[in-house]
Each structure stands twice: as structure tokens, then as C-alpha cells.
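Note sheet for the following structure.
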Amino acid sequence: MFSFTAHPYPKSESFKEIFVSSLGAGAAVYLFLIIFQPFGTENFQHPYKFVLLFPYCIIFGTAFLMANLITSRFSNWNIGSELLKITFILCTGSILSYFYNSLFLSHVKLDIVNYFYMFLYTLAVGIPISIIYILSRYIYLKTIHEKKAHDISQHLPVSPPAERQNLLKISAQNTELVMNKKDFLCVQSMENYCTFYFLENNSLKKALIRISLTNVLQQIETSSVKKCHRSYIVNLGRVKKLKGNAQGYKLVLPEIDFEIPVSRSFIPSVIPQLQQQHS
């Protein structure tokens, strides 16, 4: 029923992205309050009314900033994690807003009933803004990655570039696998085993060897053979198409029936290399 919450969702990583998105979220709350003036705000008369409402922008902007900075340290982020983060932001914002409103605006006594009303007000304002925040960020990243993937794919060659015979040798215990570099496609790691995908007489072959992906990388890494994900090593020279989505990028090799993901942490080393070798 809630399987959609396990779907990957791109988390903020750079401080610039975190700061700008947090600033935008705080500004959205402020604009909502001064434009629609909900929850009796319209009846609140004060010569500096809009100035007194501005701290709500600071409160929710700070809540977004704190939550994004904390969650930037986590990995395997998904929609469920993002929803929990939004819940934390709304709860934090409601508490800070309650104290600001009670002590400086309404001057009402501090009790649980008054906080409950503030919590409901926070949900009424925060939920639509949070939905807009999540969807706009998802669409923005999806558009950016798709455009860059399309631009790079336009310059990828139909056939791999000609190169001299370079042999890749993989040794593990009593097993040794040797292949031409131009025939190597990728390696997929599954626990303590790795599956090697390569061509032999233009036919796809697979070999399963008990070895760690780290050990494999130490033996075969070159300028075009790179680790692109915690479970994959790929020959960038065999990539024919690059796909982009909100989570990042996926590499397409026509010889295999699955797409190879590129983790966000490997984008700086993989994508420029694709651009360089096919420019």
C-alpha cells in the first residue's frame, strides 16, 4: 500500500542548493500570509503588519535549512524519508511560530489548546507549500538531467571507437578472467560476487566470480572503465545513450537488457569523462 514511499527521491547535497531552496520555502510562506491573510490575519490591524509577519518567513526558512543540512548526511534517500523530513519541518515551524505569536503578537497564555490551533494553521499553510516544494524540485532536477543526458547522447558514437588491443585481467583466488578492453561492458556486484558482462565473438557472455567490486576496480580501472554506482563498474566507451531523471542519470548499453545507474556521488567523475571522450 505504501510501496511508493520506497521510491528514490533526490536529496539536497550542495550548500548552495540547500540555502536557495530553504530561502524559497520561507519566502513562499511569507507571500502566502500577506496575499491571502488567512486565520484572522486580515483583521489584525497594525501599521507594521507585514513587518510583523516577516518572522514567519525566517522561522520556516530556518526550519527547512536545518532539516536539509541534517538530512544531507544520509544516504539511500526516498519519498518516505522526504515526507518524514517535511513532517519534522512542519512540527518545528509550528512550535517556533506558536511561541512567536503568543509572546509577541497575540499575547495569549501558553497552553496546549492554543498550540493545537497553531499546529493546524501550520498544516494548512505548510502542506500545500511542501507539495509545491517537492514537485517543483523533482521536476527541476528531472528537466536538468534529461536535457544534459540528451545533449551528451547526441554526441555518443554508434560504434565504439577503435583502439589497440588492451587486455583486462581479473584474478580472484584460483580464477582468472581475461578479455579485450573493447569487449568489456560492465560489472554488477551482488554481495560477495560479481557478474562480468562482456562480448565474445560479438555474443554477450556472463561470468560470475567470487570477488568484491573494490578488488575488481583496483585491477581494471582506466580512464574509460569507471565505477559509477556502489554496485556497478562500466566501460564508458560502450555507452550508447545517457538517460536523465530526477535521481540522476542512467547509462544505456545496447548489448545488455538493463540500464546502469549513476549515483550522484559519481556524477562528477563519470559525466565529464563521457563528454570528453565523445566530444
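Chain labels A, B, ... are given in the sequence in which chains occur in the C-alpha cells; within each chain residues are numbered consecutively from 1, and ligands are likewise numbered from 1 in the order shown.
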Problem set entry | All alpha helix (DSSP H) residues (DSSP, backbone) inside stretch 41-263 of chain A, as an MDAnalysis selection string | chainID A and resid 49:71 79:100 112:153 213:220
Output C-alpha atoms of each residue in that selection to a file, as an mmCIF file, in the first residue's frame.
```
data_model
loop_
_atom_site.group_PDB
_atom_site.id
_atom_site.type_symbol
_atom_site.label_atom_id
_atom_site.label_comp_id
_atom_site.auth_asym_id
_atom_site.auth_seq_id
_atom_site.Cartn_x
_atom_site.Cartn_y
_atom_site.Cartn_z
ATOM 1 C CA LYS A 49 1.628 44.401 9.967
ATOM 2 C CA PHE A 50 3.705 42.988 7.097
ATOM 3 C CA VAL A 51 6.909 43.539 9.065
ATOM 4 C CA LEU A 52 5.471 41.576 11.997
ATOM 5 C CA LEU A 53 4.552 38.726 9.659
ATOM 6 C CA PHE A 54 8.084 38.513 8.235
ATOM 7 C CA PRO A 55 9.497 36.428 11.151
ATOM 8 C CA TYR A 56 7.329 33.539 9.922
ATOM 9 C CA CYS A 57 9.452 33.600 6.766
ATOM 10 C CA ILE A 58 12.592 33.363 8.929
ATOM 11 C CA ILE A 59 11.083 30.609 11.098
ATOM 12 C CA PHE A 60 10.132 28.290 8.240
ATOM 13 C CA GLY A 61 13.187 29.144 6.158
ATOM 14 C CA THR A 62 15.387 28.224 9.127
ATOM 15 C CA ALA A 63 13.411 25.012 9.734
ATOM 16 C CA PHE A 64 13.936 23.989 6.088
ATOM 17 C CA LEU A 65 17.631 24.903 6.279
ATOM 18 C CA MET A 66 18.209 22.886 9.473
ATOM 19 C CA ALA A 67 16.344 19.842 8.165
ATOM 20 C CA ASN A 68 18.147 19.887 4.798
ATOM 21 C CA LEU A 69 21.578 20.270 6.390
ATOM 22 C CA ILE A 70 20.903 17.362 8.751
ATOM 23 C CA THR A 71 19.494 15.044 6.072
ATOM 24 C CA ILE A 79 9.994 9.595 -0.766
ATOM 25 C CA GLY A 80 9.249 8.224 2.705
ATOM 26 C CA SER A 81 12.385 9.910 4.058
ATOM 27 C CA GLU A 82 11.406 13.169 2.379
ATOM 28 C CA LEU A 83 7.924 13.015 3.932
ATOM 29 C CA LEU A 84 9.458 12.484 7.378
ATOM 30 C CA LYS A 85 11.706 15.488 6.777
ATOM 31 C CA ILE A 86 8.702 17.627 5.820
ATOM 32 C CA THR A 87 6.875 16.444 8.962
ATOM 33 C CA PHE A 88 9.866 17.484 11.078
ATOM 34 C CA ILE A 89 9.909 20.903 9.382
ATOM 35 C CA LEU A 90 6.187 21.473 9.981
ATOM 36 C CA CYS A 91 6.420 20.438 13.642
ATOM 37 C CA THR A 92 9.470 22.634 14.244
ATOM 38 C CA GLY A 93 7.860 25.541 12.411
ATOM 39 C CA SER A 94 4.617 25.201 14.352
ATOM 40 C CA ILE A 95 6.437 25.257 17.716
ATOM 41 C CA LEU A 96 8.535 28.312 16.862
ATOM 42 C CA SER A 97 5.528 30.083 15.312
ATOM 43 C CA TYR A 98 3.459 29.352 18.413
ATOM 44 C CA PHE A 99 5.965 30.975 20.737
ATOM 45 C CA TYR A 100 6.441 33.966 18.443
ATOM 46 C CA ILE A 112 -1.689 23.064 24.653
ATOM 47 C CA VAL A 113 -5.011 24.170 23.133
ATOM 48 C CA ASN A 114 -3.535 27.325 21.653
ATOM 49 C CA TYR A 115 -0.596 25.326 20.319
ATOM 50 C CA PHE A 116 -3.014 22.822 18.727
ATOM 51 C CA TYR A 117 -4.658 25.648 16.789
ATOM 52 C CA MET A 118 -1.247 26.907 15.668
ATOM 53 C CA PHE A 119 -0.325 23.370 14.581
ATOM 54 C CA LEU A 120 -3.489 23.201 12.442
ATOM 55 C CA TYR A 121 -2.714 26.609 10.938
ATOM 56 C CA THR A 122 0.809 25.416 10.164
ATOM 57 C CA LEU A 123 -0.526 22.318 8.400
ATOM 58 C CA ALA A 124 -2.987 24.409 6.388
ATOM 59 C CA VAL A 125 -0.183 26.656 5.139
ATOM 60 C CA GLY A 126 2.698 24.189 5.162
ATOM 61 C CA ILE A 127 1.193 21.194 3.365
ATOM 62 C CA PRO A 128 0.398 22.936 0.042
ATOM 63 C CA ILE A 129 3.738 24.775 0.120
ATOM 64 C CA SER A 130 5.560 21.499 0.875
ATOM 65 C CA ILE A 131 3.797 19.771 -2.015
ATOM 66 C CA ILE A 132 4.805 22.600 -4.351
ATOM 67 C CA TYR A 133 8.372 22.421 -2.992
ATOM 68 C CA ILE A 134 8.676 18.647 -3.519
ATOM 69 C CA LEU A 135 7.105 18.629 -7.006
ATOM 70 C CA SER A 136 8.937 21.713 -8.276
ATOM 71 C CA ARG A 137 12.298 20.389 -7.114
ATOM 72 C CA TYR A 138 11.602 16.961 -8.625
ATOM 73 C CA ILE A 139 10.551 18.495 -11.950
ATOM 74 C CA TYR A 140 13.519 20.899 -11.956
ATOM 75 C CA LEU A 141 16.106 18.135 -11.403
ATOM 76 C CA LYS A 142 14.370 15.851 -13.897
ATOM 77 C CA THR A 143 14.412 18.578 -16.562
ATOM 78 C CA ILE A 144 18.066 19.481 -15.942
ATOM 79 C CA HIS A 145 19.269 15.851 -16.031
ATOM 80 C CA GLU A 146 17.159 14.948 -19.068
ATOM 81 C CA LYS A 147 18.473 17.939 -21.030
ATOM 82 C CA LYS A 148 22.107 17.201 -20.177
ATOM 83 C CA ALA A 149 21.633 13.489 -20.938
ATOM 84 C CA HIS A 150 20.084 14.345 -24.314
ATOM 85 C CA ASP A 151 22.923 16.733 -25.211
ATOM 86 C CA ILE A 152 25.583 14.128 -24.357
ATOM 87 C CA SER A 153 23.714 11.297 -26.107
ATOM 88 C CA LEU A 213 33.759 -4.798 -6.525
ATOM 89 C CA THR A 214 36.562 -2.854 -4.843
ATOM 90 C CA ASN A 215 39.053 -5.570 -5.777
ATOM 91 C CA VAL A 216 37.781 -5.584 -9.359
ATOM 92 C CA LEU A 217 38.129 -1.808 -9.625
ATOM 93 C CA GLN A 218 41.743 -1.972 -8.414
ATOM 94 C CA GLN A 219 42.552 -4.406 -11.225
ATOM 95 C CA ILE A 220 40.755 -2.904 -14.217
#
```
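Take atom CA of A:Gln273 and atom CA of A:Ser223: the distance between them is 7.8 Å.
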Exercise. Could you work out how far atom CA of A:Lys16 lies from atom CA of A:Asn245, giving the answer in Å with one decimal?
Worked result: 20.7 Å
Exercise. To one decimal place, how far is atom CA of A:Gly248 from atom CA of A:Arg264 in Å?
Worked result: 6.2 Å
For this session: Within stretch 122-219 of chain A, find each residue whose DSSP state, derived from the backbone, is strand (DSSP E), and express the selection as a VMD selection string.
Result: chain A and resid 167 to 172 175 to 180 184 to 190 193 to 200 203 to 210
Let me see the file: selected residues, N, CA, C and O atoms, as a tab-separated table (two decimals), in the first residue's frame.
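Here's the written file result_39.tsv:
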```tsv
chain	number	residue	atom	x	y	z
A	167	LEU	N	44.28	-5.63	-22.87
A	167	LEU	CA	43.69	-6.74	-22.14
A	167	LEU	C	43.36	-6.34	-20.71
A	167	LEU	O	44.13	-5.65	-20.05
A	168	LEU	N	42.20	-6.79	-20.26
A	168	LEU	CA	41.82	-6.64	-18.87
A	168	LEU	C	41.93	-8.01	-18.20
A	168	LEU	O	41.40	-8.99	-18.72
A	169	LYS	N	42.64	-8.05	-17.08
A	169	LYS	CA	42.82	-9.32	-16.37
A	169	LYS	C	42.25	-9.18	-14.97
A	169	LYS	O	42.58	-8.25	-14.24
A	170	ILE	N	41.38	-10.12	-14.62
A	170	ILE	CA	40.78	-10.14	-13.30
A	170	ILE	C	41.15	-11.45	-12.62
A	170	ILE	O	40.84	-12.54	-13.14
A	171	SER	N	41.83	-11.35	-11.49
A	171	SER	CA	42.25	-12.54	-10.75
A	171	SER	C	41.56	-12.57	-9.39
A	171	SER	O	41.51	-11.57	-8.68
A	172	ALA	N	41.05	-13.75	-9.08
A	172	ALA	CA	40.39	-13.95	-7.79
A	172	ALA	C	40.59	-15.39	-7.36
A	172	ALA	O	40.05	-16.31	-7.98
A	175	THR	N	40.73	-18.27	-9.85
A	175	THR	CA	40.02	-17.91	-11.08
A	175	THR	C	40.70	-16.72	-11.75
A	175	THR	O	41.09	-15.77	-11.07
A	176	GLU	N	40.82	-16.78	-13.06
A	176	GLU	CA	41.36	-15.65	-13.82
A	176	GLU	C	40.50	-15.45	-15.06
A	176	GLU	O	40.19	-16.40	-15.79
A	177	LEU	N	40.10	-14.20	-15.26
A	177	LEU	CA	39.28	-13.85	-16.42
A	177	LEU	C	40.03	-12.81	-17.24
A	177	LEU	O	40.47	-11.79	-16.70
A	178	VAL	N	40.20	-13.10	-18.54
A	178	VAL	CA	40.93	-12.20	-19.43
A	178	VAL	C	40.05	-11.85	-20.62
A	178	VAL	O	39.40	-12.73	-21.21
A	179	MET	N	40.02	-10.55	-20.96
A	179	MET	CA	39.21	-10.11	-22.11
A	179	MET	C	39.81	-8.84	-22.68
A	179	MET	O	40.59	-8.15	-22.01
A	180	ASN	N	39.47	-8.55	-23.92
A	180	ASN	CA	39.87	-7.29	-24.52
A	180	ASN	C	39.06	-6.16	-23.88
A	180	ASN	O	37.86	-6.32	-23.63
A	184	PHE	N	34.74	-5.48	-23.07
A	184	PHE	CA	34.20	-5.42	-21.72
A	184	PHE	C	33.04	-4.43	-21.67
A	184	PHE	O	33.12	-3.31	-22.18
A	185	LEU	N	31.93	-4.84	-21.01
A	185	LEU	CA	30.74	-3.99	-20.90
A	185	LEU	C	30.59	-3.40	-19.50
A	185	LEU	O	30.67	-2.20	-19.31
A	186	CYS	N	30.40	-4.28	-18.52
A	186	CYS	CA	30.20	-3.79	-17.16
A	186	CYS	C	30.36	-4.92	-16.15
A	186	CYS	O	30.45	-6.10	-16.53
A	187	VAL	N	30.38	-4.54	-14.88
A	187	VAL	CA	30.41	-5.50	-13.77
A	187	VAL	C	29.28	-5.13	-12.81
A	187	VAL	O	29.10	-3.95	-12.48
A	188	GLN	N	28.54	-6.13	-12.40
A	188	GLN	CA	27.46	-5.92	-11.43
A	188	GLN	C	27.79	-6.70	-10.16
A	188	GLN	O	28.06	-7.90	-10.19
A	189	SER	N	27.77	-5.99	-9.04
A	189	SER	CA	28.12	-6.61	-7.77
A	189	SER	C	26.86	-7.04	-7.02
A	189	SER	O	25.87	-6.31	-6.95
A	190	MET	N	26.93	-8.25	-6.45
A	190	MET	CA	25.85	-8.78	-5.61
A	190	MET	C	26.49	-9.46	-4.41
A	190	MET	O	27.03	-10.56	-4.54
A	193	TYR	N	29.84	-11.49	-4.66
A	193	TYR	CA	30.05	-11.98	-6.02
A	193	TYR	C	29.90	-10.83	-7.02
A	193	TYR	O	29.18	-9.85	-6.78
A	194	CYS	N	30.58	-10.97	-8.16
A	194	CYS	CA	30.47	-10.01	-9.24
A	194	CYS	C	30.15	-10.74	-10.54
A	194	CYS	O	30.75	-11.78	-10.84
A	195	THR	N	29.21	-10.18	-11.29
A	195	THR	CA	28.87	-10.72	-12.61
A	195	THR	C	29.49	-9.83	-13.66
A	195	THR	O	29.23	-8.62	-13.70
A	196	PHE	N	30.33	-10.42	-14.51
A	196	PHE	CA	31.01	-9.69	-15.58
A	196	PHE	C	30.23	-9.86	-16.88
A	196	PHE	O	29.90	-10.99	-17.27
A	197	TYR	N	29.96	-8.77	-17.54
A	197	TYR	CA	29.28	-8.78	-18.84
A	197	TYR	C	30.29	-8.35	-19.90
A	197	TYR	O	30.88	-7.26	-19.79
A	198	PHE	N	30.47	-9.19	-20.92
A	198	PHE	CA	31.44	-8.88	-21.97
A	198	PHE	C	31.03	-9.57	-23.26
A	198	PHE	O	30.11	-10.42	-23.27
A	199	LEU	N	31.69	-9.19	-24.33
A	199	LEU	CA	31.40	-9.78	-25.64
A	199	LEU	C	32.48	-10.78	-26.01
A	199	LEU	O	33.66	-10.55	-25.75
A	200	GLU	N	32.04	-11.86	-26.62
A	200	GLU	CA	32.97	-12.87	-27.14
A	200	GLU	C	32.45	-13.30	-28.49
A	200	GLU	O	31.37	-13.87	-28.60
A	203	SER	N	29.05	-11.97	-29.24
A	203	SER	CA	27.93	-12.53	-28.47
A	203	SER	C	28.10	-12.16	-27.00
A	203	SER	O	29.23	-12.16	-26.47
A	204	LEU	N	27.00	-11.86	-26.34
A	204	LEU	CA	27.06	-11.48	-24.94
A	204	LEU	C	27.38	-12.68	-24.06
A	204	LEU	O	26.76	-13.74	-24.18
A	205	LYS	N	28.35	-12.50	-23.18
A	205	LYS	CA	28.74	-13.55	-22.24
A	205	LYS	C	28.69	-12.99	-20.82
A	205	LYS	O	28.87	-11.79	-20.60
A	206	LYS	N	28.46	-13.88	-19.86
A	206	LYS	CA	28.45	-13.51	-18.46
A	206	LYS	C	29.33	-14.46	-17.67
A	206	LYS	O	29.38	-15.66	-17.96
A	207	ALA	N	30.01	-13.93	-16.69
A	207	ALA	CA	30.86	-14.76	-15.83
A	207	ALA	C	30.66	-14.31	-14.38
A	207	ALA	O	30.77	-13.12	-14.07
A	208	LEU	N	30.36	-15.27	-13.52
A	208	LEU	CA	30.15	-14.97	-12.10
A	208	LEU	C	31.39	-15.39	-11.31
A	208	LEU	O	31.81	-16.54	-11.36
A	209	ILE	N	31.98	-14.44	-10.60
A	209	ILE	CA	33.21	-14.69	-9.86
A	209	ILE	C	33.03	-14.20	-8.43
A	209	ILE	O	32.45	-13.14	-8.19
A	210	ARG	N	33.57	-14.96	-7.48
A	210	ARG	CA	33.55	-14.53	-6.08
A	210	ARG	C	34.68	-13.53	-5.86
A	210	ARG	O	35.86	-13.90	-5.72
```
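For the choices A:Tyr232, A:Phe104, A:Trp77, A:Phe36, the atom-to-atom distance to A:Ile260 is smallest for A:Tyr232 when using only C-alpha atoms.
The nearest approach to A:Ser106 among the residues A:Thr41, A:Ser224, A:Asp257, A:Ala6, with only C-alpha atoms taken into account, belongs to A:Thr41.
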